[in-house]
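Enquirer: Below is a structure I'd like to ask you about.
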Amino acid sequence: MGFSWDRKLAGRAAAIAAVAGLVALLVIVSTDDGGPWARRASMWAAVAPVLGALGTFATVRIAIARGEIGALAALGVDPARAVRGAAIGGAIAGLAGVLVTASGRADLEALFPRPPEARAWTAEGERGLFEATLGIRVDAGGDVTFAGEPEASIKTVTSGAAKEATIATIGLAALVCPMWVVEGLSARNPPARGRRVFRRGMVALVAAAMLIAAFQVVAAARASPIWLLASPLLLLADTVFMRYRATRAA
């Protein structure tokens, strides 16, 4: 086993992730009510690490079903080493999300859900009504005029640290998710498979909930953008834990 085997698995994982990415893009386009492509790009970039993990998962399952992993294990090859190429291919596919977010063409505001901007009309006596966030004045006769630049009622959150943290989170997730998938699928101790699947499912749910919550609280300016990294770091810690247990069991 060598580079050719790793390259085969990497290509298979990347191809599966690409197909899944196309499907994800079609779903985004068909459900966003005609949103701009910049917002679509940011939403696609956010799920790119998951697409890479999906490519890795499918590739490993195919290799197991074909008996390729079992044959390599019979030759003394560590299961995690045997599917390393799948993790590499999935990571490469997931890193496409980093390229999209770092290109400057993605509107990262779509990842930070916020309430609609408040509209407050202020009475100015004979001058009529004025709305600062729109920069619009309506006089007593009903005439509408634009009075200066609009004031943002809610500050944007995707400048500076928030943008950098978002890119770092997607990049770290793109690298960690395929590794996490590989460690789980290649783990030994088949009798404990049911418990292992349940535990990994719970870890995945907690990681997803943490990421959603992090985007929410950062959007509300209640937490530092660094908290976006908590979710992929949890998966990284679980990956290290599974590798440690596999090493001890060997």
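Going by the structure tokens order, chains are called A, B, ..., each with residues numbered from 1, while ligands are numbered from 1 in the order shown.
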As an MDAnalysis selection string, please: all residues of segment 8-185 of chain A that backbone DSSP puts in alpha helix (DSSP H).
Expert: chainID A and resid 8:31 37:65 68:74 79:82 84:94 96:102 161:185
Enquirer: Which residues, written as a list in words, have at least one atom at most 6 Å from segment 42-58 of chain A, with only C-alpha atoms counted and residues fewer than 4 positions away on the same chain left out?
Expert: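 Using only C-alpha atoms, the neighbours found are Ala13, Ile16, Ala17, Ala86, Ala87, Gly90, Ala91, Ala93, Gly94, Gly97, Ala106, Asp107, Leu108, Ala173, Ala174, Cys177 and Pro178 of chain A.
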Enquirer: Can you tell me which residues surround Ile28 of chain A at a distance of at most 12 Å, considering only C-alpha atoms, apart from same-chain residues fewer than 4 positions away, and format the answer as a PyMOL selection string?
Expert: chain A and resi 21-24+32-47
Enquirer: How many Å lie between atom CA of Ala237 of chain A and atom CA of Val176 of chain A, rounded to one decimal?
Expert: 9.6 Å
Enquirer: Counting only C-alpha atoms, which residue out of A:Trp5, A:Arg127, A:Arg105, A:Asp143 sits closest to Arg84 of chain A?
Expert: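 So, comparing all the options, the nearest one is A:Trp5.
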Enquirer: Hey, what's within 12 Å of Leu229 of chain A if we count only C-alpha atoms and toss same-chain stuff fewer than 3 positions away? As a list in words, please?
Expert: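 So the residues in contact are Ala162, Glu164, Ala165, Thr166, Ile167, Ala168, Thr169, Ile170, Gly171, Leu172, Ala173, Val176, Ala207, Ala208, Met210, Leu211, Ile212, Ala213, Ala214, Phe215, Val218, Ser224, Pro225, Ile226, Pro232, Leu233, Leu234, Leu235 and Leu236 of chain A.
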Enquirer: Rank A:Ala71, A:Ile136, A:Ala249, A:Leu111 by their smallest atom-to-atom distance to Gln216 of chain A, using only C-alpha atoms, and report the top residue only.
Expert: A:Leu111
Enquirer: Restricting the calculation to only C-alpha atoms: of A:Leu25, A:Val144, A:Val77, A:Ala82, which residue gets closest to Phe130 of chain A?
Expert: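 Checking each candidate against Phe130 of chain A, we get A:Val144 as the closest.
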Enquirer: Enter the distance from atom CA of Leu228 of chain A to atom CA of Ala204 of chain A, in Å, rounded to one decimal.
Expert: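 Pair atom CA of Leu228 of chain A / atom CA of Ala204 of chain A returns 15.4 Å.
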Enquirer: Between A:Arg137, A:Arg66, A:Arg222, A:Arg243, which one has atoms that come closest to Gly125 of chain A, using only C-alpha atoms?
Expert: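 When distances to Gly125 of chain A are compared using only C-alpha atoms, the smallest one comes from A:Arg137.
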Enquirer: Between atom CA of Phe146 of chain A and atom CA of Thr122 of chain A, what is the distance, to one decimal in Å?
Expert: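 Taking atom CA of Phe146 of chain A as the start and atom CA of Thr122 of chain A as the end point, the length is 14.6 Å.
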Enquirer: I'd like to know which of A:Lys163, A:Arg248, A:Phe3, A:Arg81 is closest to Ser103 of chain A, using only C-alpha atoms.
Expert: A:Lys163
Enquirer: Would you mind writing down, as a compact mmCIF listing (two decimals) with N, CA, C and O atoms, in the first residue's frame, each residue of segment 3-243 of chain A that DSSP on the backbone assigns to strand (DSSP E)?
Expert:
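Contents of selection17.txt, as written:
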# COMPACT_ATOMS: atom_id res chain seq x y z
N TRP A 121 -39.57 56.24 13.42
CA TRP A 121 -39.87 57.54 12.81
C TRP A 121 -39.93 58.60 13.90
O TRP A 121 -40.61 58.44 14.90
N THR A 122 -39.21 59.67 13.68
CA THR A 122 -39.12 60.76 14.66
C THR A 122 -39.85 61.99 14.13
O THR A 122 -39.61 62.43 12.99
N ALA A 123 -40.75 62.52 14.96
CA ALA A 123 -41.48 63.73 14.58
C ALA A 123 -40.57 64.94 14.73
O ALA A 123 -39.94 65.13 15.78
N LEU A 129 -41.76 63.89 9.40
CA LEU A 129 -41.22 62.70 10.07
C LEU A 129 -39.89 62.32 9.43
O LEU A 129 -39.71 62.43 8.21
N PHE A 130 -38.99 61.81 10.28
CA PHE A 130 -37.66 61.44 9.79
C PHE A 130 -37.31 60.05 10.29
O PHE A 130 -37.52 59.72 11.46
N GLU A 131 -36.77 59.21 9.38
CA GLU A 131 -36.32 57.86 9.74
C GLU A 131 -34.82 57.78 9.48
O GLU A 131 -34.37 57.82 8.32
N ILE A 136 -34.68 58.96 5.34
CA ILE A 136 -35.85 59.46 4.62
C ILE A 136 -36.63 60.42 5.51
O ILE A 136 -36.83 60.17 6.70
N ARG A 137 -37.09 61.53 4.90
CA ARG A 137 -37.95 62.48 5.60
C ARG A 137 -39.24 62.64 4.81
O ARG A 137 -39.23 62.76 3.59
N VAL A 138 -40.36 62.59 5.54
CA VAL A 138 -41.69 62.80 4.95
C VAL A 138 -42.27 64.07 5.56
O VAL A 138 -42.47 64.14 6.78
N VAL A 144 -41.74 62.92 -0.02
CA VAL A 144 -40.64 62.12 0.52
C VAL A 144 -39.33 62.66 -0.03
O VAL A 144 -39.18 62.85 -1.24
N THR A 145 -38.37 62.90 0.86
CA THR A 145 -37.05 63.36 0.46
C THR A 145 -35.99 62.54 1.18
O THR A 145 -36.23 62.01 2.28
N PHE A 146 -34.83 62.43 0.55
CA PHE A 146 -33.71 61.75 1.17
C PHE A 146 -32.85 62.79 1.88
O PHE A 146 -32.40 63.76 1.26
Enquirer: Which residue is closest to Arg12 of chain A? Choose from A:Ala223, A:Val83, A:Val203, A:Ala140 and count only C-alpha atoms.
Expert: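 Checking each candidate against Arg12 of chain A, we get A:Val83 as the closest.
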